[in-house]
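Data block below; observations after.
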Amino acid sequence: MNSAVTKDSEDIQMNFFQHSEKAQALREALLQFMDEHIYPNEAQVWKEAAAQRWDSDAGWTTCPTIERLKKIAKSQGLWNLFLPQSERAPQGLSNFEYAPLCEIMGRVHWASEVFNCSAPDTGNMETLERYASESLKDQWLEPLLRGEIRSAFLMTEPAVASSDATNIQCDIRRDGDSYVINGRKWWSTGAGSRHCKVFIVMGKTDANAARHQQQSMIVVPSDTPGVTVVRPVPVFGFDHAPHGHMEVLLENVRVPAENILLGEGRGFEIAQGRLGPGRIHHCMRSIGAAERAFELMCQRLASRTTFGKPLSEQSVWHERIAESRCMIEQARLLTMKAAYMMDAVGNKAAQGEIAMIKIVAPTMACKVIDWAIQAHGGAGVSNDTPLAFSYSDQRTLRLADGPDEVHRQSLAKLELARLGLRRKAVEAPVARGC
């Protein structure tokens, strides 16, 4: 599928936001890569993923086509574009520069992996870059940056309402020169791959500390004794092979004390730093998914005739086309503003904008994709188009990295404080991430 449908508006967007020549050149190269390598291989990758069967001992393996395309992307310099201000990834861009590139990747669910820019690895690499010791960076960040291994983030738990992360009960207890971890996690994205070699685990180190100082984060090699990847948790019937959203059991898992990130009680601090950029990435991919659905919808409407005239000439579809374009542009502008603010004033000062985009972008994408499904009729809910999977992905995102309700609550409190109707702004609550 050719991406030229939206190229003119994106050219204007890039010029309007005054992106650097480097970002402009990378965007052109990425658009060309999508046309030459991603869209033509889309069906093949889905076939390779669907052919995989869950092996509780070994996990899923990689898709050969994705591995082949990674080598091409790396050779063209389209690699690790997400990580700003890192000596270990000097090609990384600012949030503002990366945002439109992330949108392009979001047009195909698996595309970001080809460029080593997929969740949860991006968030885990940012976490290791910001908060890990140099020895942990050498051990885990470097192979992640090279694309040699994958990772997972273990935060959400089935036994508690994890949208309030203070509820998390996974026990991380100091024992001499080690920490011993016990707990059950789920929605641990990426843990199903046999190439997933490291987890970042959030758990409780001190139940008696202040509410937001009870939690810590620790690095856990996935092959540590006591780690069991129990099962993949399907999403609307999709198992998301070869990475999956896994249930993971941790039983007396012992790791060195130096694997703790920043120190005990710093889990919420790390989570705020990790989830800000991740939400930008998720939202830009949501916009890319919506843009792709919009293109498919318009093409379908122009190719089908009902009651004597093309669907594209029916007034109800005029309304939906126009409304879709408005919603996509509004979400994009808001997300670009949030990315700019994160670069200019930091994640904490931009927390209101980050909350807004997390509310707006997935909801917008769900609506546009739903209309695209409607335009396709029966084909829209089948696996003959990417729409059904894309809808399930975006609907899930209204829960991942915090449900809509948590972000609305955070935003409302910030607005009340801004208007002087609360004594002070409160920290945005940290919700589950993947």
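Chain labels A, B, ... are given in the sequence in which chains occur in the structure tokens; within each chain residues are numbered consecutively from 1, and ligands are likewise numbered from 1 in the order shown.
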Pull the closest atom pair for each residue of region 260-317 of chain A that gets at most 10 Å from region 368-391 of chain A, along with the distance in Å to one decimal, counting only C-alpha atoms, ordering rows by chain and then ascending residue number, as JSON lines.
{"residue": "A:Ser286", "atom": "CA", "partner": "A:Ser390", "partner_atom": "CA", "distance": 9.2}
{"residue": "A:Ile287", "atom": "CA", "partner": "A:Val368", "partner_atom": "CA", "distance": 9.9}
{"residue": "A:Ala289", "atom": "CA", "partner": "A:Ser390", "partner_atom": "CA", "distance": 7.0}
{"residue": "A:Ala290", "atom": "CA", "partner": "A:Val368", "partner_atom": "CA", "distance": 5.9}
{"residue": "A:Glu291", "atom": "CA", "partner": "A:Val368", "partner_atom": "CA", "distance": 8.4}
{"residue": "A:Arg292", "atom": "CA", "partner": "A:Ile369", "partner_atom": "CA", "distance": 8.8}
{"residue": "A:Ala293", "atom": "CA", "partner": "A:Ile369", "partner_atom": "CA", "distance": 5.5}
{"residue": "A:Phe294", "atom": "CA", "partner": "A:Ala372", "partner_atom": "CA", "distance": 6.5}
{"residue": "A:Glu295", "atom": "CA", "partner": "A:Ala372", "partner_atom": "CA", "distance": 8.7}
{"residue": "A:Leu296", "atom": "CA", "partner": "A:Ala372", "partner_atom": "CA", "distance": 6.9}
{"residue": "A:Met297", "atom": "CA", "partner": "A:Ala372", "partner_atom": "CA", "distance": 4.6}
{"residue": "A:Cys298", "atom": "CA", "partner": "A:Ala372", "partner_atom": "CA", "distance": 8.2}
{"residue": "A:Gln299", "atom": "CA", "partner": "A:Ala375", "partner_atom": "CA", "distance": 9.7}
{"residue": "A:Arg300", "atom": "CA", "partner": "A:His376", "partner_atom": "CA", "distance": 6.5}
{"residue": "A:Leu301", "atom": "CA", "partner": "A:Ala375", "partner_atom": "CA", "distance": 6.5}
{"residue": "A:Arg304", "atom": "CA", "partner": "A:His376", "partner_atom": "CA", "distance": 9.2}
{"residue": "A:Leu311", "atom": "CA", "partner": "A:Ala375", "partner_atom": "CA", "distance": 8.4}
{"residue": "A:Ser312", "atom": "CA", "partner": "A:Ala375", "partner_atom": "CA", "distance": 9.7}
{"residue": "A:Trp317", "atom": "CA", "partner": "A:Ala375", "partner_atom": "CA", "distance": 8.5}
**Study point:** Exercise: Asn208 (chain A) partners within 12 Å, only C-alpha atoms, chain neighbours under 6 positions left out, as a ChimeraX atom specification
**Key:** /A:214-215,265
Using all heavy atoms, can you write the selected residues to a file as an mmCIF file, in the first residue's frame?
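The resulting out_1.cif:
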data_model
loop_
_atom_site.group_PDB
_atom_site.id
_atom_site.type_symbol
_atom_site.label_atom_id
_atom_site.label_comp_id
_atom_site.auth_asym_id
_atom_site.auth_seq_id
_atom_site.Cartn_x
_atom_site.Cartn_y
_atom_site.Cartn_z
ATOM 1 N N GLN A 214 6.868 2.946 48.784
ATOM 2 C CA GLN A 214 6.882 1.522 49.099
ATOM 3 C C GLN A 214 7.415 0.677 47.946
ATOM 4 O O GLN A 214 7.920 -0.420 48.163
ATOM 5 C CB GLN A 214 5.466 1.052 49.452
ATOM 6 C CG GLN A 214 4.881 1.716 50.679
ATOM 7 C CD GLN A 214 3.457 1.257 50.955
ATOM 8 O OE1 GLN A 214 2.945 0.328 50.324
ATOM 9 N NE2 GLN A 214 2.794 1.915 51.902
ATOM 10 N N GLN A 215 7.298 1.200 46.732
ATOM 11 C CA GLN A 215 7.588 0.410 45.539
ATOM 12 C C GLN A 215 8.999 0.659 45.021
ATOM 13 O O GLN A 215 9.533 1.758 45.139
ATOM 14 C CB GLN A 215 6.587 0.751 44.433
ATOM 15 C CG GLN A 215 5.127 0.705 44.839
ATOM 16 C CD GLN A 215 4.624 -0.710 45.051
ATOM 17 O OE1 GLN A 215 5.256 -1.665 44.625
ATOM 18 N NE2 GLN A 215 3.473 -0.850 45.700
ATOM 19 N N GLY A 265 12.422 2.185 47.185
ATOM 20 C CA GLY A 265 11.438 3.245 47.308
ATOM 21 C C GLY A 265 11.391 4.225 46.155
ATOM 22 O O GLY A 265 10.664 5.218 46.210
#
Review point. Nearest to Pro221 (chain A) among A:Lys22, A:Lys204, A:Arg150, A:Arg173, with distances taken over only C-alpha atoms: which residue is it?
Key: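 Nearest candidate to Pro221 (chain A) out of A:Lys22, A:Lys204, A:Arg150, A:Arg173: A:Arg150.
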Review point. At what distance in Å, to one decimal, does CA of Ser162 (chain A) lie from CA of His282 (chain A)?
Key: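 Computing the Euclidean distance for CA of His282 (chain A) and CA of Ser162 (chain A) yields 19.3 Å.
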**Study point:** Spatial neighbours of Arg285 (chain A), 8 Å, only C-alpha atoms, chain gap at least 3 places, as a list in words
**Key:** Cys102, Glu103, Ile104, Met105, Gly106, Arg107, His281, His282, Gly288 and Ala289 of chain A
So that I have them on file, write out the residues from the current selection with N, CA and C atoms, as a JSON list (two decimals), in the first residue's frame.
[["chain", "number", "residue", "atom", "x", "y", "z"],
["A", 102, "CYS", "N", 7.43, 7.97, 14.52],
["A", 102, "CYS", "CA", 6.70, 6.94, 15.25],
["A", 102, "CYS", "C", 5.29, 6.77, 14.68],
["A", 103, "GLU", "N", 4.69, 7.86, 14.26],
["A", 103, "GLU", "CA", 3.37, 7.77, 13.62],
["A", 103, "GLU", "C", 3.42, 6.91, 12.36],
["A", 104, "ILE", "N", 4.45, 7.12, 11.55],
["A", 104, "ILE", "CA", 4.58, 6.34, 10.32],
["A", 104, "ILE", "C", 4.71, 4.85, 10.65],
["A", 105, "MET", "N", 5.53, 4.54, 11.64],
["A", 105, "MET", "CA", 5.69, 3.13, 12.05],
["A", 105, "MET", "C", 4.38, 2.54, 12.52],
["A", 106, "GLY", "N", 3.53, 3.36, 13.15],
["A", 106, "GLY", "CA", 2.28, 2.88, 13.71],
["A", 106, "GLY", "C", 1.26, 2.44, 12.70],
["A", 107, "ARG", "N", 1.50, 2.70, 11.42],
["A", 107, "ARG", "CA", 0.54, 2.29, 10.39],
["A", 107, "ARG", "C", 0.44, 0.78, 10.25],
["A", 281, "HIS", "N", 4.89, 7.73, 22.43],
["A", 281, "HIS", "CA", 5.07, 6.72, 21.39],
["A", 281, "HIS", "C", 3.75, 6.01, 21.09],
["A", 282, "HIS", "N", 3.05, 5.58, 22.15],
["A", 282, "HIS", "CA", 1.77, 4.90, 21.96],
["A", 282, "HIS", "C", 0.80, 5.79, 21.19],
["A", 288, "GLY", "N", -0.99, 6.92, 13.69],
["A", 288, "GLY", "CA", -0.63, 6.19, 12.47],
["A", 288, "GLY", "C", -1.63, 5.11, 12.14],
["A", 289, "ALA", "N", -2.10, 4.38, 13.16],
["A", 289, "ALA", "CA", -3.11, 3.34, 12.93],
["A", 289, "ALA", "C", -4.41, 3.95, 12.41]]
Skip Thr62 (chain A) itself and residues of its chain fewer than 6 positions away, then list as an mmCIF file with C-alpha atoms, in the first residue's frame all residues within 9 Å of it, counting only C-alpha atoms.
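Saved to around35.cif:
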data_model
loop_
_atom_site.group_PDB
_atom_site.id
_atom_site.type_symbol
_atom_site.label_atom_id
_atom_site.label_comp_id
_atom_site.auth_asym_id
_atom_site.auth_seq_id
_atom_site.Cartn_x
_atom_site.Cartn_y
_atom_site.Cartn_z
ATOM 1 C CA GLU A 48 4.469 -16.328 10.166
ATOM 2 C CA ALA A 49 3.009 -15.095 13.457
ATOM 3 C CA SER A 193 9.411 -14.541 23.233
ATOM 4 C CA ARG A 194 12.289 -16.953 23.723
ATOM 5 C CA HIS A 195 14.489 -13.956 22.912
ATOM 6 C CA ALA A 241 2.616 -14.072 18.969
ATOM 7 C CA PRO A 242 5.577 -14.011 18.934
ATOM 8 C CA HIS A 243 5.737 -11.714 21.975
#
Review point. Looking at only C-alpha atoms, which of A:Ala209, A:Ala355, A:Leu334, A:Ala159 is the one that sits closest to Val406 (chain A)?
Key: A:Ala355
Exercise for review: List every residue of region 49-155 of chain A that DSSP, applied to the backbone, labels as strand (DSSP E or B), and write the result as a list in words.
Suggested key: Trp60, Arg150, Ser151, Ala152, Phe153 and Leu154 of chain A
Exercise for review: Choose the residue, out of A:Met336, A:Leu399, A:Val248, A:Met125, that has the smallest atom-to-atom separation from Thr363 (chain A); count only C-alpha atoms.
Suggested key: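 Ranking A:Met336, A:Leu399, A:Val248, A:Met125 by distance to Thr363 (chain A), first place goes to A:Leu399.
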Just the alpha helix (DSSP H) stuff from region 346-429 of chain A, please, per backbone DSSP, written as a JSON list (two decimals) with N, CA, C and O atoms, in the first residue's frame.
[["chain", "number", "residue", "atom", "x", "y", "z"],
["A", 351, "GLN", "N", 2.93, 16.98, 32.23],
["A", 351, "GLN", "CA", 2.07, 15.86, 32.60],
["A", 351, "GLN", "C", 0.61, 16.08, 32.20],
["A", 351, "GLN", "O", -0.10, 15.12, 31.89],
["A", 352, "GLY", "N", 0.16, 17.33, 32.17],
["A", 352, "GLY", "CA", -1.21, 17.59, 31.72],
["A", 352, "GLY", "C", -1.39, 17.24, 30.26],
["A", 352, "GLY", "O", -2.38, 16.60, 29.87],
["A", 353, "GLU", "N", -0.44, 17.65, 29.43],
["A", 353, "GLU", "CA", -0.52, 17.35, 28.00],
["A", 353, "GLU", "C", -0.38, 15.85, 27.74],
["A", 353, "GLU", "O", -1.04, 15.29, 26.86],
["A", 354, "ILE", "N", 0.48, 15.21, 28.52],
["A", 354, "ILE", "CA", 0.64, 13.76, 28.37],
["A", 354, "ILE", "C", -0.66, 13.04, 28.73],
["A", 354, "ILE", "O", -1.08, 12.10, 28.04],
["A", 355, "ALA", "N", -1.33, 13.48, 29.79],
["A", 355, "ALA", "CA", -2.62, 12.90, 30.15],
["A", 355, "ALA", "C", -3.65, 13.12, 29.05],
["A", 355, "ALA", "O", -4.42, 12.22, 28.70],
["A", 356, "MET", "N", -3.65, 14.33, 28.48],
["A", 356, "MET", "CA", -4.63, 14.64, 27.43],
["A", 356, "MET", "C", -4.49, 13.75, 26.21],
["A", 356, "MET", "O", -5.46, 13.21, 25.68],
["A", 357, "ILE", "N", -3.23, 13.55, 25.77],
["A", 357, "ILE", "CA", -3.07, 12.75, 24.55],
["A", 357, "ILE", "C", -3.42, 11.30, 24.80],
["A", 357, "ILE", "O", -3.95, 10.61, 23.92],
["A", 358, "LYS", "N", -3.16, 10.83, 26.02],
["A", 358, "LYS", "CA", -3.49, 9.43, 26.33],
["A", 358, "LYS", "C", -4.99, 9.22, 26.38],
["A", 358, "LYS", "O", -5.49, 8.13, 26.09],
["A", 359, "ILE", "N", -5.73, 10.25, 26.73],
["A", 359, "ILE", "CA", -7.19, 10.19, 26.69],
["A", 359, "ILE", "C", -7.68, 10.27, 25.25],
["A", 359, "ILE", "O", -8.56, 9.51, 24.82],
["A", 360, "VAL", "N", -7.11, 11.19, 24.49],
["A", 360, "VAL", "CA", -7.66, 11.54, 23.17],
["A", 360, "VAL", "C", -7.27, 10.54, 22.08],
["A", 360, "VAL", "O", -8.13, 10.09, 21.31],
["A", 361, "ALA", "N", -5.99, 10.19, 21.98],
["A", 361, "ALA", "CA", -5.51, 9.47, 20.79],
["A", 361, "ALA", "C", -6.09, 8.07, 20.64],
["A", 361, "ALA", "O", -6.61, 7.73, 19.56],
["A", 362, "PRO", "N", -6.05, 7.20, 21.66],
["A", 362, "PRO", "CA", -6.63, 5.87, 21.46],
["A", 362, "PRO", "C", -8.14, 5.89, 21.23],
["A", 362, "PRO", "O", -8.66, 5.10, 20.44],
["A", 363, "THR", "N", -8.84, 6.81, 21.90],
["A", 363, "THR", "CA", -10.29, 6.91, 21.70],
["A", 363, "THR", "C", -10.59, 7.35, 20.27],
["A", 363, "THR", "O", -11.51, 6.82, 19.62],
["A", 364, "MET", "N", -9.83, 8.32, 19.78],
["A", 364, "MET", "CA", -9.98, 8.75, 18.39],
["A", 364, "MET", "C", -9.71, 7.60, 17.44],
["A", 364, "MET", "O", -10.49, 7.35, 16.50],
["A", 365, "ALA", "N", -8.62, 6.86, 17.68],
["A", 365, "ALA", "CA", -8.27, 5.76, 16.78],
["A", 365, "ALA", "C", -9.36, 4.69, 16.77],
["A", 365, "ALA", "O", -9.71, 4.14, 15.71],
["A", 366, "CYS", "N", -9.91, 4.39, 17.95],
["A", 366, "CYS", "CA", -11.00, 3.41, 18.01],
["A", 366, "CYS", "C", -12.18, 3.84, 17.14],
["A", 366, "CYS", "O", -12.79, 3.01, 16.44],
["A", 367, "LYS", "N", -12.52, 5.12, 17.18],
["A", 367, "LYS", "CA", -13.66, 5.61, 16.42],
["A", 367, "LYS", "C", -13.40, 5.54, 14.92],
["A", 367, "LYS", "O", -14.26, 5.06, 14.15],
["A", 368, "VAL", "N", -12.23, 5.98, 14.49],
["A", 368, "VAL", "CA", -11.91, 5.97, 13.07],
["A", 368, "VAL", "C", -11.84, 4.54, 12.55],
["A", 368, "VAL", "O", -12.36, 4.21, 11.47],
["A", 369, "ILE", "N", -11.19, 3.67, 13.30],
["A", 369, "ILE", "CA", -11.07, 2.27, 12.88],
["A", 369, "ILE", "C", -12.45, 1.61, 12.84],
["A", 369, "ILE", "O", -12.75, 0.82, 11.94],
["A", 370, "ASP", "N", -13.31, 1.95, 13.80],
["A", 370, "ASP", "CA", -14.66, 1.40, 13.81],
["A", 370, "ASP", "C", -15.42, 1.80, 12.55],
["A", 370, "ASP", "O", -16.11, 0.97, 11.93],
["A", 371, "TRP", "N", -15.29, 3.05, 12.13],
["A", 371, "TRP", "CA", -15.95, 3.47, 10.88],
["A", 371, "TRP", "C", -15.34, 2.75, 9.69],
["A", 371, "TRP", "O", -16.05, 2.39, 8.74],
["A", 372, "ALA", "N", -14.03, 2.54, 9.70],
["A", 372, "ALA", "CA", -13.38, 1.83, 8.61],
["A", 372, "ALA", "C", -13.89, 0.39, 8.54],
["A", 372, "ALA", "O", -14.11, -0.16, 7.44],
["A", 373, "ILE", "N", -14.06, -0.25, 9.70],
["A", 373, "ILE", "CA", -14.63, -1.60, 9.74],
["A", 373, "ILE", "C", -16.03, -1.60, 9.14],
["A", 373, "ILE", "O", -16.39, -2.46, 8.34],
["A", 374, "GLN", "N", -16.83, -0.59, 9.51],
["A", 374, "GLN", "CA", -18.20, -0.50, 9.00],
["A", 374, "GLN", "C", -18.20, -0.35, 7.48],
["A", 374, "GLN", "O", -19.03, -0.95, 6.78],
["A", 375, "ALA", "N", -17.26, 0.41, 6.98],
["A", 375, "ALA", "CA", -17.18, 0.61, 5.53],
["A", 375, "ALA", "C", -16.83, -0.68, 4.80],
["A", 375, "ALA", "O", -17.24, -0.89, 3.65],
["A", 376, "HIS", "N", -16.08, -1.56, 5.45],
["A", 376, "HIS", "CA", -15.66, -2.80, 4.83],
["A", 376, "HIS", "C", -16.68, -3.92, 5.00],
["A", 376, "HIS", "O", -16.51, -5.00, 4.41],
["A", 387, "LEU", "N", -7.83, -4.36, 10.05],
["A", 387, "LEU", "CA", -8.67, -3.50, 10.86],
["A", 387, "LEU", "C", -9.11, -4.12, 12.19],
["A", 387, "LEU", "O", -9.11, -3.45, 13.23],
["A", 388, "ALA", "N", -9.50, -5.40, 12.17],
["A", 388, "ALA", "CA", -9.97, -6.03, 13.40],
["A", 388, "ALA", "C", -8.85, -6.08, 14.45],
["A", 388, "ALA", "O", -9.06, -5.75, 15.62],
["A", 389, "PHE", "N", -7.66, -6.48, 14.01],
["A", 389, "PHE", "CA", -6.53, -6.51, 14.94],
["A", 389, "PHE", "C", -6.20, -5.10, 15.42],
["A", 389, "PHE", "O", -5.93, -4.89, 16.60],
["A", 390, "SER", "N", -6.23, -4.15, 14.51],
["A", 390, "SER", "CA", -5.91, -2.77, 14.87],
["A", 390, "SER", "C", -6.90, -2.23, 15.89],
["A", 390, "SER", "O", -6.52, -1.53, 16.84],
["A", 391, "TYR", "N", -8.18, -2.56, 15.71],
["A", 391, "TYR", "CA", -9.18, -2.10, 16.68],
["A", 391, "TYR", "C", -8.91, -2.69, 18.05],
["A", 391, "TYR", "O", -8.94, -1.98, 19.07],
["A", 392, "SER", "N", -8.62, -4.00, 18.10],
["A", 392, "SER", "CA", -8.35, -4.63, 19.39],
["A", 392, "SER", "C", -7.13, -4.00, 20.06],
["A", 392, "SER", "O", -7.10, -3.83, 21.28],
["A", 393, "ASP", "N", -6.16, -3.65, 19.27],
["A", 393, "ASP", "CA", -4.93, -3.03, 19.77],
["A", 393, "ASP", "C", -5.23, -1.67, 20.40],
["A", 393, "ASP", "O", -4.79, -1.36, 21.51],
["A", 394, "GLN", "N", -6.01, -0.84, 19.69],
["A", 394, "GLN", "CA", -6.31, 0.49, 20.19],
["A", 394, "GLN", "C", -7.28, 0.47, 21.36],
["A", 394, "GLN", "O", -7.16, 1.28, 22.28],
["A", 395, "ARG", "N", -8.21, -0.47, 21.34],
["A", 395, "ARG", "CA", -9.13, -0.58, 22.48],
["A", 395, "ARG", "C", -8.37, -0.98, 23.74],
["A", 395, "ARG", "O", -8.65, -0.50, 24.85],
["A", 396, "THR", "N", -7.40, -1.85, 23.58],
["A", 396, "THR", "CA", -6.57, -2.25, 24.70],
["A", 396, "THR", "C", -5.76, -1.08, 25.24],
["A", 396, "THR", "O", -5.53, -0.95, 26.45],
["A", 397, "LEU", "N", -5.32, -0.21, 24.33],
["A", 397, "LEU", "CA", -4.49, 0.93, 24.73],
["A", 397, "LEU", "C", -5.25, 1.91, 25.62],
["A", 397, "LEU", "O", -4.64, 2.69, 26.34],
["A", 404, "ASP", "N", -8.30, 5.33, 30.88],
["A", 404, "ASP", "CA", -8.78, 6.69, 30.62],
["A", 404, "ASP", "C", -9.18, 7.41, 31.91],
["A", 404, "ASP", "O", -8.92, 8.61, 32.09],
["A", 405, "GLU", "N", -9.83, 6.66, 32.82],
["A", 405, "GLU", "CA", -10.35, 7.29, 34.03],
["A", 405, "GLU", "C", -9.23, 7.88, 34.90],
["A", 405, "GLU", "O", -9.39, 8.95, 35.49],
["A", 406, "VAL", "N", -8.10, 7.18, 34.97],
["A", 406, "VAL", "CA", -6.97, 7.67, 35.76],
["A", 406, "VAL", "C", -6.42, 8.95, 35.16],
["A", 406, "VAL", "O", -6.11, 9.92, 35.87],
["A", 407, "HIS", "N", -6.27, 8.98, 33.84],
["A", 407, "HIS", "CA", -5.73, 10.17, 33.19],
["A", 407, "HIS", "C", -6.70, 11.35, 33.29],
["A", 407, "HIS", "O", -6.28, 12.50, 33.45],
["A", 408, "ARG", "N", -7.99, 11.07, 33.22],
["A", 408, "ARG", "CA", -8.98, 12.15, 33.40],
["A", 408, "ARG", "C", -8.92, 12.70, 34.82],
["A", 408, "ARG", "O", -9.02, 13.91, 35.04],
["A", 409, "GLN", "N", -8.78, 11.80, 35.79],
["A", 409, "GLN", "CA", -8.67, 12.25, 37.18],
["A", 409, "GLN", "C", -7.43, 13.12, 37.37],
["A", 409, "GLN", "O", -7.50, 14.19, 37.99],
["A", 410, "SER", "N", -6.30, 12.68, 36.82],
["A", 410, "SER", "CA", -5.06, 13.45, 36.94],
["A", 410, "SER", "C", -5.21, 14.82, 36.30],
["A", 410, "SER", "O", -4.81, 15.85, 36.88],
["A", 411, "LEU", "N", -5.79, 14.85, 35.11],
["A", 411, "LEU", "CA", -5.95, 16.10, 34.38],
["A", 411, "LEU", "C", -6.89, 17.06, 35.12],
["A", 411, "LEU", "O", -6.62, 18.26, 35.22],
["A", 412, "ALA", "N", -7.97, 16.52, 35.65],
["A", 412, "ALA", "CA", -8.92, 17.36, 36.39],
["A", 412, "ALA", "C", -8.26, 18.00, 37.60],
["A", 412, "ALA", "O", -8.45, 19.19, 37.89],
["A", 413, "LYS", "N", -7.45, 17.23, 38.33],
["A", 413, "LYS", "CA", -6.77, 17.77, 39.50],
["A", 413, "LYS", "C", -5.77, 18.87, 39.11],
["A", 413, "LYS", "O", -5.66, 19.90, 39.79],
["A", 414, "LEU", "N", -5.07, 18.65, 38.01],
["A", 414, "LEU", "CA", -4.12, 19.65, 37.54],
["A", 414, "LEU", "C", -4.84, 20.94, 37.16],
["A", 414, "LEU", "O", -4.37, 22.05, 37.44],
["A", 415, "GLU", "N", -5.98, 20.81, 36.50],
["A", 415, "GLU", "CA", -6.74, 22.00, 36.08],
["A", 415, "GLU", "C", -7.31, 22.75, 37.28],
["A", 415, "GLU", "O", -7.30, 23.98, 37.32],
["A", 416, "LEU", "N", -7.81, 22.02, 38.24],
["A", 416, "LEU", "CA", -8.32, 22.68, 39.45],
["A", 416, "LEU", "C", -7.20, 23.42, 40.18],
["A", 416, "LEU", "O", -7.40, 24.53, 40.68],
["A", 417, "ALA", "N", -6.03, 22.81, 40.23],
["A", 417, "ALA", "CA", -4.90, 23.47, 40.87],
["A", 417, "ALA", "C", -4.48, 24.71, 40.09],
["A", 417, "ALA", "O", -4.15, 25.75, 40.67],
["A", 418, "ARG", "N", -4.49, 24.60, 38.76],
["A", 418, "ARG", "CA", -4.09, 25.74, 37.93],
["A", 418, "ARG", "C", -5.01, 26.93, 38.16],
["A", 418, "ARG", "O", -4.57, 28.09, 38.12]]
Exercise for review: Report the distance between CA of Thr305 (chain A) and CA of His318 (chain A) in Å, rounded to one decimal place.
Suggested key: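 Computing the Euclidean distance for CA of Thr305 (chain A) and CA of His318 (chain A) yields 14.8 Å.
If only C-alpha atoms are the atoms counted, then among A:Met202, A:Leu421, A:Met342, A:Val108 the closest residue to Tyr39 (chain A) is A:Val108.
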**Study point:** Nearest-residue call for Leu128 (chain A), choices A:Ala400, A:Leu333, A:Asn252, A:Ile260, using only C-alpha atoms
**Key:**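 Counting only C-alpha atoms, the residue closest to Leu128 (chain A) is A:Ile260.
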Each residue of region 327-421 of chain A lying at most 8 Å from region 92-95 of chain A should get a row with its shortest atom-to-atom pair and the distance in Å to one decimal, counting only C-alpha atoms; could you produce that, ordered by chain and increasing number, as JSON lines?
{"residue": "A:Ala339", "atom": "CA", "partner": "A:Asn95", "partner_atom": "CA", "distance": 5.2}
{"residue": "A:Tyr340", "atom": "CA", "partner": "A:Asn95", "partner_atom": "CA", "distance": 7.0}
{"residue": "A:Met342", "atom": "CA", "partner": "A:Asn95", "partner_atom": "CA", "distance": 7.2}
{"residue": "A:Asp343", "atom": "CA", "partner": "A:Asn95", "partner_atom": "CA", "distance": 6.4}
Could the residues in this selection be written to a file with C-alpha atoms, as a PDB file, in the first residue's frame?
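The resulting file, part.pdb, is reproduced below:
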ATOM      1  CA  ALA A 339       6.255  16.044  22.655  1.00  0.00           C
ATOM      2  CA  TYR A 340       7.582  19.590  22.310  1.00  0.00           C
ATOM      3  CA  MET A 342       8.533  17.199  27.152  1.00  0.00           C
ATOM      4  CA  ASP A 343      11.695  18.249  25.352  1.00  0.00           C
TER       5      ASP A 343
END
Point to revise | CA of Phe268 (chain A) to CA of His212 (chain A), distance in Å rounded to a single decimal | key: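 CA of His212 (chain A) lies at a distance of 6.4 Å from CA of Phe268 (chain A).
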Exercise for review: Excluding Ile149 (chain A) and residues on its chain fewer than 4 positions from it, collect all residues at most 10 Å away from it, counting only C-alpha atoms, and give them as a ChimeraX atom specification.
Suggested key: /A:121,140-145,193-198
Restricted to N, CA, C and O atoms, what would the selected residues look like written as a short mmCIF file (atom, residue, chain, number, x, y, z; two decimals), in the first residue's frame?
data_model
loop_
_atom_site.label_atom_id
_atom_site.label_comp_id
_atom_site.auth_asym_id
_atom_site.auth_seq_id
_atom_site.Cartn_x
_atom_site.Cartn_y
_atom_site.Cartn_z
N ASP A 121 10.33 -2.65 24.72
CA ASP A 121 11.79 -2.48 24.72
C ASP A 121 12.20 -1.01 24.79
O ASP A 121 13.17 -0.67 25.46
N TRP A 140 22.76 -5.33 29.86
CA TRP A 140 21.42 -5.45 29.29
C TRP A 140 21.08 -4.39 28.26
O TRP A 140 20.45 -4.69 27.24
N LEU A 141 21.47 -3.14 28.50
CA LEU A 141 21.11 -2.08 27.55
C LEU A 141 21.81 -2.27 26.21
O LEU A 141 21.19 -2.12 25.15
N GLU A 142 23.09 -2.60 26.24
CA GLU A 142 23.84 -2.73 24.99
C GLU A 142 23.26 -3.79 24.06
O GLU A 142 23.03 -3.53 22.87
N PRO A 143 22.98 -5.02 24.54
CA PRO A 143 22.38 -6.01 23.62
C PRO A 143 20.97 -5.63 23.17
O PRO A 143 20.55 -5.99 22.07
N LEU A 144 20.23 -4.89 24.02
CA LEU A 144 18.91 -4.41 23.59
C LEU A 144 19.06 -3.39 22.46
O LEU A 144 18.31 -3.43 21.48
N LEU A 145 20.00 -2.48 22.60
CA LEU A 145 20.23 -1.49 21.55
C LEU A 145 20.69 -2.14 20.25
O LEU A 145 20.38 -1.65 19.16
N SER A 193 8.38 -14.25 24.22
CA SER A 193 9.41 -14.54 23.23
C SER A 193 10.58 -15.26 23.88
O SER A 193 11.03 -14.89 24.97
N ARG A 194 11.10 -16.27 23.20
CA ARG A 194 12.29 -16.95 23.72
C ARG A 194 13.52 -16.05 23.67
O ARG A 194 14.55 -16.36 24.26
N HIS A 195 13.40 -14.93 22.97
CA HIS A 195 14.49 -13.96 22.91
C HIS A 195 14.36 -12.89 23.99
O HIS A 195 15.20 -12.00 24.07
N CYS A 196 13.30 -12.98 24.82
CA CYS A 196 13.16 -12.06 25.94
C CYS A 196 14.08 -12.53 27.06
O CYS A 196 13.84 -13.58 27.68
N LYS A 197 15.12 -11.78 27.33
CA LYS A 197 16.16 -12.21 28.26
C LYS A 197 16.17 -11.45 29.58
O LYS A 197 16.88 -11.84 30.50
N VAL A 198 15.40 -10.36 29.67
CA VAL A 198 15.46 -9.57 30.90
C VAL A 198 14.11 -8.92 31.19
O VAL A 198 13.40 -8.51 30.28
#
**Study point:** Residue neighbourhood region 32-38 of chain A, 9 Å, only C-alpha atoms, exclusion window fewer than 2 positions, as number ranges by chain
**Key:** A: 1-3, 27-30, 40-42, 69, 73, 104-105, 108, 111, 114
